[in-house]
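Coordinates as given in data-v3.txt (compact mmCIF, C-alpha atoms):
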```txt
# COMPACT_ATOMS: atom_id res chain seq x y z
CA MET A 50 -58.96 -11.11 -64.20
CA GLY A 51 -60.13 -12.06 -60.74
CA PHE A 52 -59.39 -15.06 -58.59
CA THR A 53 -60.88 -16.65 -55.55
CA LEU A 54 -58.88 -17.56 -52.49
CA THR A 55 -60.33 -20.50 -50.63
CA LEU A 56 -59.21 -20.97 -47.06
CA LEU A 57 -59.21 -24.61 -46.13
CA PRO A 58 -59.98 -25.45 -42.51
CA SER A 59 -56.87 -26.18 -40.47
CA SER A 60 -56.26 -29.86 -39.89
CA GLY A 61 -54.75 -29.09 -36.50
CA ARG A 62 -51.50 -30.71 -37.66
CA PRO A 63 -48.20 -28.85 -37.62
CA GLU A 64 -46.73 -27.65 -40.89
CA PRO A 65 -44.71 -30.15 -42.97
CA PRO A 66 -40.92 -29.71 -42.61
CA GLN A 67 -40.32 -28.17 -46.05
CA ALA A 68 -43.04 -25.56 -45.58
CA ARG A 69 -41.67 -24.75 -42.16
CA ALA A 70 -38.12 -24.49 -43.50
CA GLU A 71 -39.25 -21.89 -46.03
CA GLN A 72 -41.29 -20.01 -43.47
CA TRP A 73 -38.36 -19.96 -41.02
CA PHE A 74 -35.97 -18.85 -43.75
CA HIS A 75 -38.16 -15.91 -44.71
CA ASN A 76 -39.06 -14.94 -41.13
CA PRO A 77 -35.81 -15.41 -39.21
CA ILE A 78 -36.94 -14.17 -35.78
CA GLN A 79 -40.31 -15.24 -34.42
CA ALA A 80 -42.21 -15.40 -31.16
CA ILE A 81 -42.72 -19.12 -30.64
CA THR A 82 -43.99 -20.56 -27.39
CA VAL A 83 -42.36 -23.82 -26.42
CA THR A 84 -42.83 -26.40 -23.69
CA THR A 85 -39.74 -28.32 -22.60
CA ILE A 86 -40.22 -32.09 -22.78
CA GLY A 87 -36.85 -33.27 -21.58
CA GLN A 88 -33.72 -32.20 -19.83
CA PHE A 89 -31.02 -29.94 -21.24
CA SER A 90 -28.18 -31.93 -22.74
CA PRO A 91 -24.85 -31.68 -20.89
CA SER A 92 -23.17 -30.27 -24.04
CA ALA A 93 -21.40 -26.91 -23.99
CA ASP A 94 -24.45 -24.80 -24.80
CA GLY A 95 -27.12 -27.23 -23.68
CA ALA A 96 -30.05 -28.14 -25.91
CA CYS A 97 -33.49 -29.25 -24.83
CA ARG A 98 -36.24 -31.12 -26.63
CA VAL A 99 -39.37 -28.99 -26.82
CA GLU A 100 -42.93 -29.09 -28.09
CA PHE A 101 -44.33 -26.18 -30.07
CA ASP A 102 -47.13 -25.42 -32.54
CA ARG A 103 -49.69 -28.15 -31.80
CA GLY A 104 -47.38 -31.06 -31.16
CA ALA A 105 -44.35 -30.36 -33.36
CA VAL A 106 -40.97 -31.25 -31.87
CA GLY A 107 -37.74 -29.27 -31.90
CA TYR A 108 -34.64 -28.48 -29.86
CA VAL A 109 -33.94 -25.15 -28.21
CA LYS A 110 -30.49 -23.90 -27.28
CA PRO A 111 -28.80 -22.50 -25.29
CA ARG A 112 -29.97 -23.20 -21.74
CA GLN A 113 -32.53 -20.76 -20.35
CA ASP A 114 -30.06 -19.27 -17.89
CA ALA A 115 -27.29 -18.79 -20.48
CA ALA A 116 -26.47 -15.16 -21.21
CA LYS A 117 -26.86 -13.60 -24.67
CA ASN A 118 -25.03 -16.06 -26.83
CA PRO A 119 -23.55 -15.99 -30.37
CA VAL A 120 -24.45 -19.67 -30.76
CA VAL A 121 -27.99 -18.59 -31.68
CA ALA A 122 -26.76 -16.53 -34.64
CA ARG A 123 -24.32 -19.20 -35.78
CA GLU A 124 -27.07 -21.84 -35.83
CA LYS A 125 -29.40 -19.54 -37.75
CA ILE A 126 -26.88 -18.35 -40.32
CA ALA A 127 -25.73 -21.93 -40.99
CA PHE A 128 -29.29 -23.03 -41.72
CA ASP A 129 -30.05 -20.00 -43.89
CA LEU A 130 -26.95 -20.51 -46.04
CA GLY A 131 -27.58 -24.26 -46.27
CA PHE A 132 -31.19 -23.56 -47.28
CA LEU A 133 -30.05 -21.19 -50.05
CA LEU A 134 -27.85 -23.98 -51.39
CA GLY A 135 -30.57 -26.63 -51.09
CA LEU A 136 -28.51 -28.70 -48.67
CA PRO A 137 -29.99 -31.02 -46.03
CA VAL A 138 -29.55 -28.84 -42.95
CA ALA A 139 -32.15 -29.03 -40.15
CA PRO A 140 -34.31 -25.86 -40.17
CA VAL A 141 -33.54 -23.25 -37.50
CA VAL A 142 -35.40 -20.13 -36.41
CA VAL A 143 -34.50 -17.55 -33.78
CA ARG A 144 -37.03 -17.32 -30.96
CA SER A 145 -37.73 -13.92 -29.47
CA PRO A 146 -37.18 -13.65 -25.72
CA ASP A 147 -40.08 -15.10 -23.74
CA PRO A 148 -39.52 -13.91 -20.16
CA PRO A 149 -39.33 -14.88 -17.42
CA ALA A 150 -38.41 -18.42 -18.51
CA TRP A 151 -36.48 -17.35 -21.62
CA PRO A 152 -34.97 -13.89 -21.03
CA TYR A 153 -32.83 -13.97 -24.19
CA HIS A 154 -33.16 -15.01 -27.82
CA SER A 155 -32.72 -18.73 -28.45
CA ALA A 156 -32.38 -20.99 -31.47
CA LEU A 157 -35.14 -23.49 -32.26
CA SER A 158 -34.09 -26.38 -34.49
CA LEU A 159 -36.79 -28.53 -36.07
CA GLU A 160 -37.00 -32.30 -35.65
CA ALA A 161 -37.52 -32.78 -39.36
CA SER A 162 -37.60 -36.59 -39.68
CA THR A 163 -40.17 -39.04 -38.45
CA ALA A 164 -37.42 -41.65 -37.93
CA ALA A 165 -33.68 -41.13 -37.77
CA ARG A 166 -30.46 -42.52 -36.43
CA LEU A 167 -27.26 -40.78 -35.47
CA TRP A 168 -24.12 -41.32 -37.52
CA GLY A 169 -22.52 -42.96 -34.48
CA ALA A 170 -25.11 -45.75 -34.51
CA GLY A 171 -23.56 -46.92 -37.80
CA GLY A 172 -25.18 -48.16 -40.97
CA CYS A 173 -25.07 -45.08 -43.19
CA ASP A 174 -24.53 -46.15 -46.80
CA LEU A 175 -21.92 -43.87 -48.37
CA SER A 176 -22.68 -45.15 -51.85
CA THR A 177 -26.05 -43.39 -51.65
CA ALA A 178 -25.35 -40.64 -49.09
CA GLY A 179 -21.89 -39.75 -50.43
CA LYS A 180 -22.96 -36.93 -52.73
CA HIS A 181 -24.87 -35.00 -50.07
CA LEU A 182 -22.15 -35.67 -47.50
CA GLU A 183 -19.41 -34.33 -49.75
CA GLU A 184 -21.54 -31.29 -50.62
CA LEU A 185 -22.03 -30.73 -46.90
CA ARG A 186 -18.27 -31.06 -46.34
CA VAL A 187 -17.70 -28.18 -48.75
CA PHE A 188 -20.44 -26.21 -46.99
CA TRP A 189 -18.99 -26.94 -43.51
CA THR A 190 -15.57 -25.86 -44.77
CA TRP A 191 -17.04 -22.64 -46.12
CA ILE A 192 -18.70 -21.70 -42.81
CA GLY A 193 -15.65 -22.68 -40.75
CA ASP A 194 -17.47 -25.51 -38.96
CA GLN A 195 -15.33 -27.49 -36.52
CA ASP A 196 -17.86 -30.02 -35.35
CA HIS A 197 -18.49 -32.22 -38.37
CA ASN A 198 -15.15 -33.96 -38.50
CA GLY A 199 -16.70 -37.40 -38.13
CA HIS A 200 -18.61 -36.26 -35.03
CA ALA A 201 -20.96 -39.12 -34.21
CA GLY A 202 -23.79 -37.01 -32.84
CA ASN A 203 -24.02 -34.15 -35.33
CA LEU A 204 -25.30 -36.01 -38.35
CA LEU A 205 -28.59 -37.85 -38.74
CA PHE A 206 -29.75 -40.18 -41.44
CA THR A 207 -32.88 -41.99 -42.50
CA VAL A 208 -33.12 -44.81 -45.04
CA ARG A 209 -35.75 -44.38 -47.75
CA SER A 210 -36.13 -46.86 -50.62
CA GLY A 211 -32.67 -48.19 -49.93
CA ARG A 212 -31.01 -44.79 -49.91
CA SER A 213 -29.41 -43.16 -46.87
CA GLU A 214 -30.61 -39.57 -46.57
CA VAL A 215 -28.53 -37.38 -44.27
CA ILE A 216 -29.47 -34.28 -42.25
CA SER A 217 -26.87 -32.00 -40.73
CA ILE A 218 -27.56 -30.74 -37.21
CA ASP A 219 -25.73 -28.60 -34.66
CA HIS A 220 -23.71 -25.79 -36.19
CA SER A 221 -22.82 -24.13 -32.89
CA TYR A 222 -19.10 -24.46 -33.60
CA SER A 223 -19.16 -22.71 -36.95
CA LEU A 224 -18.18 -19.29 -38.31
CA CYS A 225 -14.77 -19.88 -36.76
CA HIS A 226 -16.35 -20.24 -33.31
CA GLY A 227 -15.13 -17.22 -31.41
CA ASN A 228 -12.02 -16.55 -33.46
CA LYS A 229 -12.17 -12.90 -34.43
CA THR A 230 -8.76 -12.34 -35.93
CA ASP A 231 -8.04 -14.87 -38.64
CA PRO A 232 -10.98 -15.98 -40.80
CA LEU A 233 -8.90 -18.79 -42.28
CA GLN A 234 -7.68 -20.22 -38.99
CA VAL A 235 -10.12 -23.13 -39.21
CA GLY A 236 -8.93 -25.57 -41.85
CA VAL A 237 -10.76 -27.86 -44.20
CA CYS A 238 -13.58 -29.92 -42.70
CA GLN A 239 -12.87 -33.67 -42.70
CA GLY A 240 -16.54 -34.59 -42.96
CA TYR A 241 -17.61 -38.22 -42.96
CA GLY A 242 -15.26 -40.19 -45.16
CA THR A 243 -16.30 -38.99 -48.61
CA ALA A 244 -13.33 -36.84 -49.66
CA ALA A 245 -11.58 -39.67 -51.49
CA MET A 246 -14.62 -41.10 -53.24
CA PRO A 247 -14.19 -41.29 -57.03
CA ASP A 248 -17.00 -38.82 -57.75
CA ALA A 249 -16.04 -36.44 -54.95
CA PRO A 250 -14.14 -33.90 -57.12
CA ALA A 251 -17.18 -33.43 -59.37
CA TRP A 252 -19.54 -33.14 -56.38
CA ARG A 253 -17.23 -30.56 -54.78
CA ALA A 254 -16.93 -28.56 -57.99
CA ALA A 255 -20.70 -28.41 -58.42
CA VAL A 256 -21.44 -27.14 -54.92
CA LEU A 257 -18.47 -24.78 -55.05
CA ALA A 258 -19.96 -23.23 -58.17
CA LYS A 259 -23.30 -22.88 -56.35
CA ILE A 260 -21.64 -21.17 -53.39
CA ASN A 261 -19.77 -18.78 -55.67
CA ALA A 262 -22.98 -18.02 -57.57
CA LEU A 263 -24.78 -16.83 -54.43
CA GLU A 264 -25.25 -13.10 -54.69
CA TRP A 265 -23.21 -11.28 -52.08
CA PRO A 266 -26.01 -8.85 -51.02
CA THR A 267 -28.19 -11.87 -50.21
CA ILE A 268 -25.50 -13.41 -48.02
CA GLU A 269 -24.87 -10.10 -46.30
CA HIS A 270 -28.60 -9.63 -45.73
CA ILE A 271 -28.79 -13.02 -44.01
CA VAL A 272 -26.33 -11.75 -41.41
CA ARG A 273 -27.49 -8.14 -41.15
CA ARG A 274 -31.12 -9.10 -40.58
CA LEU A 275 -30.08 -10.68 -37.27
CA GLU A 276 -29.41 -7.21 -35.89
CA PRO A 277 -31.51 -7.88 -32.74
CA ILE A 278 -29.02 -10.57 -31.70
CA LEU A 279 -25.78 -9.37 -33.33
CA ASP A 280 -24.28 -5.95 -32.83
CA LYS A 281 -22.66 -4.17 -35.79
CA GLY A 282 -19.17 -5.38 -34.88
CA GLU A 283 -20.31 -9.00 -34.64
CA GLN A 284 -22.09 -8.74 -37.97
CA ASP A 285 -18.96 -7.31 -39.60
CA THR A 286 -16.79 -10.11 -38.19
CA ILE A 287 -19.12 -12.84 -39.43
CA ILE A 288 -19.40 -11.23 -42.86
CA LYS A 289 -15.61 -10.97 -43.04
CA ILE A 290 -15.29 -14.67 -42.19
CA ILE A 291 -17.88 -15.77 -44.77
CA LYS A 292 -16.33 -13.59 -47.48
CA ALA A 293 -12.72 -14.59 -46.83
CA ARG A 294 -13.59 -18.27 -46.63
CA ARG A 295 -15.61 -18.15 -49.85
CA ASP A 296 -12.71 -16.43 -51.61
CA HIS A 297 -10.31 -19.17 -50.42
CA LEU A 298 -12.70 -22.11 -50.48
CA ALA A 299 -11.37 -23.74 -53.65
CA THR A 300 -7.82 -23.51 -52.32
CA LEU A 301 -8.80 -24.87 -48.92
CA LEU A 302 -10.40 -27.85 -50.64
CA GLY A 303 -7.52 -28.36 -53.04
CA GLN A 304 -9.80 -27.90 -56.04
CA MET B 1242 -11.94 -47.22 3.21
CA MET B 1243 -14.38 -44.93 1.37
CA LEU B 1244 -14.60 -45.47 -2.36
CA THR B 1245 -16.22 -43.31 -4.95
CA HIS B 1246 -18.31 -44.80 -7.68
CA SER B 1247 -20.33 -43.96 -10.80
CA ARG B 1248 -23.72 -45.36 -11.68
CA ALA B 1249 -26.28 -44.93 -14.42
CA LEU B 1250 -29.71 -46.20 -15.30
CA TRP B 1251 -30.84 -45.98 -18.91
CA ARG B 1252 -34.36 -46.45 -20.21
CA ILE B 1253 -34.13 -47.59 -23.82
CA GLU B 1254 -37.15 -46.82 -25.97
CA TYR B 1255 -38.17 -46.39 -29.58
CA GLN B 1256 -40.22 -43.36 -30.58
CA ILE B 1257 -42.46 -44.11 -33.54
CA ASP B 1258 -42.57 -40.55 -34.90
CA LEU B 1259 -39.79 -38.26 -33.74
CA ALA B 1260 -41.48 -35.18 -35.14
CA ARG B 1261 -44.70 -35.57 -33.10
CA VAL B 1262 -44.79 -35.12 -29.38
CA ASP B 1263 -47.84 -37.38 -28.99
CA SER B 1264 -46.33 -40.26 -30.93
CA PRO B 1265 -46.33 -43.60 -29.09
CA VAL B 1266 -43.17 -44.92 -27.52
CA ILE B 1267 -42.22 -48.60 -27.56
CA PRO B 1268 -40.43 -49.68 -24.36
CA ILE B 1269 -37.42 -51.82 -25.23
CA ALA B 1270 -35.01 -52.26 -22.32
CA TYR B 1271 -33.31 -50.98 -19.18
CA MET B 1272 -29.55 -50.88 -18.71
CA LEU B 1273 -28.07 -50.39 -15.24
CA GLU B 1274 -24.38 -49.94 -14.51
CA ALA B 1275 -22.21 -49.33 -11.47
CA HIS B 1276 -18.44 -48.84 -11.43
CA TRP B 1277 -16.37 -48.41 -8.30
CA CYS B 1278 -12.95 -46.73 -8.07
CA SER B 1279 -11.50 -50.04 -6.92
CA GLY B 1280 -12.18 -51.36 -10.42
CA VAL B 1281 -15.23 -53.44 -9.46
CA ARG B 1282 -17.90 -53.08 -12.11
CA TRP B 1283 -21.46 -54.37 -12.58
CA LEU B 1284 -23.54 -54.06 -15.74
CA GLY B 1285 -27.02 -55.43 -16.22
CA MET B 1286 -29.69 -55.22 -18.88
CA LEU B 1287 -33.32 -56.29 -18.94
CA PHE B 1288 -34.75 -56.29 -22.42
CA ARG B 1289 -37.72 -57.49 -24.40
CA LYS B 1290 -36.97 -60.57 -26.47
CA ARG B 1291 -39.42 -59.65 -29.18
CA LEU B 1292 -41.83 -56.90 -30.16
CA MET B 1293 -45.55 -57.39 -30.78
CA PRO B 1294 -46.61 -57.48 -34.45
CA LEU B 1295 -48.47 -54.21 -33.93
CA GLU B 1296 -45.27 -52.60 -32.66
CA ILE B 1297 -43.08 -53.99 -35.43
CA GLU B 1298 -45.50 -52.54 -38.00
CA ARG B 1299 -44.83 -49.07 -36.61
CA VAL B 1300 -41.03 -49.32 -36.52
CA ASP B 1301 -39.12 -47.84 -39.47
CA LEU B 1302 -37.33 -51.06 -40.32
CA GLU B 1303 -35.53 -49.55 -43.29
CA THR B 1304 -33.75 -47.15 -40.98
CA TRP B 1305 -33.63 -49.55 -38.03
CA PRO B 1306 -33.18 -53.06 -39.49
CA GLU B 1307 -31.75 -54.30 -36.16
CA MET B 1308 -35.19 -53.95 -34.61
CA LYS B 1309 -36.33 -57.06 -36.51
CA ASP B 1310 -34.38 -59.05 -33.94
CA VAL B 1311 -34.48 -56.87 -30.88
CA ALA B 1312 -32.91 -59.50 -28.59
CA GLN B 1313 -29.82 -59.80 -30.75
CA PHE B 1314 -29.61 -56.01 -31.03
CA MET B 1315 -29.83 -55.52 -27.26
CA ASN B 1316 -27.24 -58.23 -26.64
CA ARG B 1317 -24.92 -56.42 -29.02
CA LEU B 1318 -25.43 -53.09 -27.21
CA PHE B 1319 -24.78 -54.83 -23.89
CA ASP B 1320 -21.54 -56.36 -25.18
CA ARG B 1321 -20.47 -53.00 -26.55
CA ALA B 1322 -21.06 -51.34 -23.18
CA TRP B 1323 -19.25 -54.11 -21.33
CA THR B 1324 -16.22 -54.22 -23.61
CA CYS B 1325 -15.87 -50.45 -23.92
CA GLU B 1326 -12.32 -49.39 -23.08
CA LEU B 1327 -12.53 -47.32 -19.93
CA SER B 1328 -9.78 -45.26 -18.39
CA ALA B 1329 -8.51 -46.87 -15.19
CA GLU B 1330 -7.44 -43.56 -13.64
CA GLN B 1331 -10.54 -41.45 -14.07
CA VAL B 1332 -12.37 -40.41 -10.88
CA PRO B 1333 -15.29 -40.89 -10.74
CA PRO B 1334 -14.94 -44.02 -12.87
CA GLN B 1335 -16.20 -44.03 -16.44
CA LEU B 1336 -19.22 -46.04 -17.54
CA GLY B 1337 -19.41 -48.16 -20.69
CA SER B 1338 -23.15 -47.58 -20.97
CA SER B 1339 -22.60 -43.81 -21.19
CA TYR B 1340 -20.40 -44.27 -24.25
CA VAL B 1341 -22.96 -46.46 -25.98
CA ALA B 1342 -25.74 -44.02 -25.07
CA LEU B 1343 -24.00 -41.21 -26.99
CA ASN B 1344 -24.94 -42.91 -30.25
CA TYR B 1345 -28.59 -43.21 -29.22
CA ALA B 1346 -29.21 -39.74 -27.85
CA ASN B 1347 -31.68 -37.01 -28.78
CA HIS B 1348 -32.69 -36.99 -32.47
CA SER B 1349 -32.46 -40.80 -32.60
CA SER B 1350 -35.63 -42.92 -32.83
CA LEU B 1351 -34.03 -45.45 -30.51
CA ARG B 1352 -33.11 -43.46 -27.44
CA PHE B 1353 -31.21 -44.01 -24.22
CA VAL B 1354 -32.98 -41.82 -21.67
CA THR B 1355 -31.42 -41.27 -18.24
CA ASP B 1356 -33.37 -42.37 -15.19
CA GLU B 1357 -32.32 -42.08 -11.58
CA PRO B 1358 -31.06 -45.39 -10.15
CA ARG B 1359 -32.77 -46.14 -6.85
CA VAL B 1360 -29.95 -48.18 -5.37
CA ASP B 1361 -27.64 -47.16 -2.56
CA LEU B 1362 -24.25 -48.50 -3.48
CA ASP B 1363 -22.02 -49.93 -0.81
CA ASN B 1364 -18.64 -48.23 -1.04
CA GLU B 1365 -16.96 -50.48 1.53
CA ASP B 1366 -17.85 -53.75 -0.12
CA PRO B 1367 -19.11 -53.22 -3.68
CA GLU B 1368 -20.10 -56.84 -4.13
CA ARG B 1369 -22.76 -56.44 -1.46
CA SER B 1370 -24.56 -54.07 -3.86
CA PHE B 1371 -24.85 -56.62 -6.64
CA THR B 1372 -28.05 -58.11 -5.23
CA ASP B 1373 -29.71 -54.70 -4.97
CA LEU B 1374 -28.67 -53.80 -8.52
CA TYR B 1375 -30.03 -57.07 -9.82
CA LYS B 1376 -33.26 -56.60 -7.90
CA GLN B 1377 -33.80 -53.11 -9.26
CA LEU B 1378 -33.20 -54.27 -12.81
CA LEU B 1379 -35.72 -57.10 -12.54
CA GLY B 1380 -38.24 -54.63 -11.12
CA PHE B 1381 -38.57 -53.04 -14.55
CA HIS B 1382 -40.34 -56.05 -16.06
CA GLU B 1383 -43.76 -54.43 -15.66
CA VAL B 1384 -42.63 -51.14 -17.25
CA LEU B 1385 -41.49 -52.98 -20.36
CA SER B 1386 -45.04 -54.22 -21.03
CA PRO B 1387 -46.24 -53.44 -24.55
CA ARG B 1388 -48.29 -50.26 -24.72
CA LEU B 1389 -49.42 -50.63 -28.31
CA VAL B 1390 -51.96 -53.41 -28.26
CA ALA B 1391 -54.83 -54.28 -30.55
CA GLU B 1392 -58.28 -53.26 -29.46
CA VAL B 1393 -60.37 -56.12 -28.09
CA HIS B 1394 -63.93 -56.30 -29.36
CA PRO B 1395 -66.09 -58.76 -27.41
CA PHE B 1396 -68.70 -60.88 -29.20
CA ARG B 1397 -72.17 -59.44 -28.93
CA GLN B 1398 -73.77 -62.49 -27.38
CA PRO B 1399 -71.10 -64.48 -25.65
CA LYS B 1400 -72.02 -68.05 -24.84
CA ALA B 1401 -69.42 -68.17 -22.16
CA PRO B 1402 -68.28 -65.37 -19.89
CA ILE B 1403 -65.44 -63.32 -21.35
CA ILE B 1404 -62.26 -63.66 -19.38
CA VAL B 1405 -60.70 -60.25 -19.13
CA PRO B 1406 -57.08 -60.40 -18.02
CA ARG B 1407 -56.65 -58.64 -14.69
CA ARG B 1408 -53.14 -57.52 -15.57
CA PRO B 1409 -51.89 -55.94 -18.77
CA LEU B 1410 -49.78 -57.94 -21.20
CA ARG B 1411 -46.41 -58.79 -19.77
CA ALA B 1412 -43.40 -58.47 -21.99
CA ASP B 1413 -41.36 -61.53 -22.81
CA VAL B 1414 -38.05 -60.40 -21.36
CA GLU B 1415 -34.53 -61.62 -20.91
CA GLN B 1416 -31.88 -60.34 -18.55
CA VAL B 1417 -28.15 -60.35 -18.92
CA SER B 1418 -25.63 -59.12 -16.39
CA ARG B 1419 -21.91 -59.25 -15.78
CA ALA B 1420 -19.67 -58.30 -12.94
CA ALA B 1421 -15.94 -58.00 -12.63
```

Please go through the file and, once you have read it, give me the structure as structure tokens.
Amino acid sequence: MGFTLTLLPSSGRPEPPQARAEQWFHNPIQAITVTTIGQFSPSADGACRVEFDRGAVGYVKPRQDAAKNPVVAREKIAFDLGFLLGLPVAPVVVRSPDPPAWPYHSALSLEASTAARLWGAGGCDLSTAGKHLEELRVFWTWIGDQDHNGHAGNLLFTVRSGRSEVISIDHSYSLCHGNKTDPLQVGVCQGYGTAAMPDAPAWRAAVLAKINALEWPTIEHIVRRLEPILDKGEQDTIIKIIKARRDHLATLLGQ
Amino acid sequence: MMLTHSRALWRIEYQIDLARVDSPVIPIAYMLEAHWCSGVRWLGMLFRKRLMPLEIERVDLETWPEMKDVAQFMNRLFDRAWTCELSAEQVPPQLGSSYVALNYANHSSLRFVTDEPRVDLDNEDPERSFTDLYKQLLGFHEVLSPRLVAEVHPFRQPKAPIIVPRRPLRADVEQVSRAA
């Protein structure tokens, strides 16, 4: 049986966010040319708004002059694991070095919403966003994230048909952020005020089951495939953290 | 006696589509602040009182319901910046506007973008700078003019000459400032 493949002419528009998320998940390191369209933020690693691929917008970190930096791997691994779980995490891809301006690998995070507001601006409706936020809290706890404890600038939301839809951004301070000795040093993530909601235990249990159902070789592959930016020792440390925290996740969450 | 000071100028704008670099931007306001070590502080804001219907149509009002009444929203942001609890000991002094701006940073449709204030502040007598600060703030009136305007199609056979405005639309603005 034969089939015909018809190539439609390109509309000149960038890919929709979901298609890009899949493409970035399957191709973790890519050569992507960017043009900076703002200044680097004064945050620890520095992030800068950029244009790429015919007018799409994203954020690149760390600063161009920053040395080889584990923040790139942490951002990428957090997105890949979130993607596997179907959680609302902003897509991230690793950019190959693009000298002389970008001598090292960098992380490119997609601006996935047409309109959004930061958590700190107020107005997020927990009665509609609660489920995703509690699922994210379990996820942040799993990956040892220390920057989603009510942090005003690391969570976005959009309102669609009366429902607040959240997107998690900035996972630089995850995977125990530089701690190489005790994978359980980082405690439970406080998240954004959903832990005590009446349905929270059921939401936690469901995402916990999803995390435990992820096949270990897949998780390990997500880390190992970043070999160009993580040496063997760094890969082993991250894998140890992810494994130990998954094994203790239910206990950490008091489930 | 030489005093140190902090100052900041914020351009406040709404980006219609965050995910597209060529998406139009709606100018909303300017906020200017100066804070001297002696405790003297000046905060001013020039903002549009209302948006044009064409602009309102492009705002995501579900996500940004405050934009229906932009004047009230800007007044609230001004009050928040003015009443922000600032440390008395910090050198250089803290700015209330910087704290408010954190919640309207990158990734947010409504953004506080830093601009460079073009005012030389008087460290000897801070109050002498108030006039210059006020003058700079009022100078932004033109920049707040609406950029999204309907296309004008002239009649084919006009009976009277068409009057084409020599200047672009000017925004209906309001200013608010406080000093202490």

Quiz item: From the set B:Pro1367, B:Gly1380, B:Pro1358, B:Pro1306, which residue has the shortest atom-to-atom contact distance to chain A, counting all atoms listed in the file?
Solution: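 Closest residue, counting all atoms listed in the file: B:Pro1306.
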
Quiz item: Using all atoms listed in the file, which chain A residues lie at most 6 Å away from chain B, written as a list of chain:residue names?
Solution: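 Written out as asked, the residues are A:Gly104, A:Ala105, A:Val106, A:Glu160, A:Thr163, A:Ala164, A:Ala165, A:Arg166, A:Leu167, A:Gly169, A:Ala170, A:Thr207, A:Val208.
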
Quiz item: Which of these residues is nearest to Glu1298 of chain B, using all atoms listed in the file: B:Ile1267, B:Leu1410, B:Leu1385, B:Gly1285?
Solution: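 Closest to Glu1298 of chain B of all the choices is B:Ile1267.
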
Exercise. For segment 1316-1325 of chain B, work out the shell of residues within 7 Å, counting all atoms listed in the file and skipping chain neighbours fewer than 2 positions away, then give it as a PyMOL selection string.
Key: chain B and resi 1312-1314+1327+1337-1338+1341

Non-local contacts of Ala156 of chain A (6 Å; all atoms listed in the file; under 3 positions in same chain excluded) as a compact mmCIF listing (two decimals) with C-alpha atoms, in the coordinates of the input:
```txt
# COMPACT_ATOMS: atom_id res chain seq x y z
CA VAL A 109 -33.94 -25.15 -28.21
CA LYS A 110 -30.49 -23.90 -27.28
CA VAL A 121 -27.99 -18.59 -31.68
CA VAL A 142 -35.40 -20.13 -36.41
CA VAL A 143 -34.50 -17.55 -33.78
CA ARG A 144 -37.03 -17.32 -30.96
```

Name all residues at most 7 Å from Ile216 of chain A (count all atoms listed in the file; drop same-chain ones fewer than 2 positions away) and give them as a short mmCIF file (atom, residue, chain, number, x, y, z; two decimals) with C-alpha atoms, in the frame of the given file.
```cif
data_model
loop_
_atom_site.label_atom_id
_atom_site.label_comp_id
_atom_site.auth_asym_id
_atom_site.auth_seq_id
_atom_site.Cartn_x
_atom_site.Cartn_y
_atom_site.Cartn_z
CA PRO A 137 -29.99 -31.02 -46.03
CA VAL A 138 -29.55 -28.84 -42.95
CA ALA A 139 -32.15 -29.03 -40.15
CA LEU A 204 -25.30 -36.01 -38.35
CA LEU A 205 -28.59 -37.85 -38.74
CA PHE A 206 -29.75 -40.18 -41.44
CA GLU A 214 -30.61 -39.57 -46.57
CA ILE A 218 -27.56 -30.74 -37.21
#
```

Quiz item: By how many Å are atom CA of Trp1283 of chain B and atom CA of Ser1418 of chain B apart?
Solution: 7.4 Å

Exercise. Determine the nearest neighbour of His181 of chain A from the options A:Val215, A:Ala80, A:Ala251, A:Leu130, counting only C-alpha atoms.
Key: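 Checking each candidate against His181 of chain A, we get A:Val215 as the closest.
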
Practice problem: Do a neighbour search on Asp94 of chain A at 10 Å with all atoms listed in the file, toss out local chain neighbours closer than 5 positions, and write the hits as a list of chain:residue names. | Solution: A:Phe89, A:Lys110, A:Pro111, A:Arg112, A:Ala115, A:Asn118, A:Val120, A:Val121, A:Ser221

Practice problem: Just give me the gap between atom CA of Met1286 of chain B and atom CA of Pro1265 of chain B in Å, one decimal is fine. | Solution: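 Result for atom CA of Met1286 of chain B versus atom CA of Pro1265 of chain B: 22.7 Å, one decimal.
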
Quiz item: What is the distance between atom CA of Met1293 of chain B and atom CA of Ala1412 of chain B, in Å to one decimal?
Solution: 9.1 Å
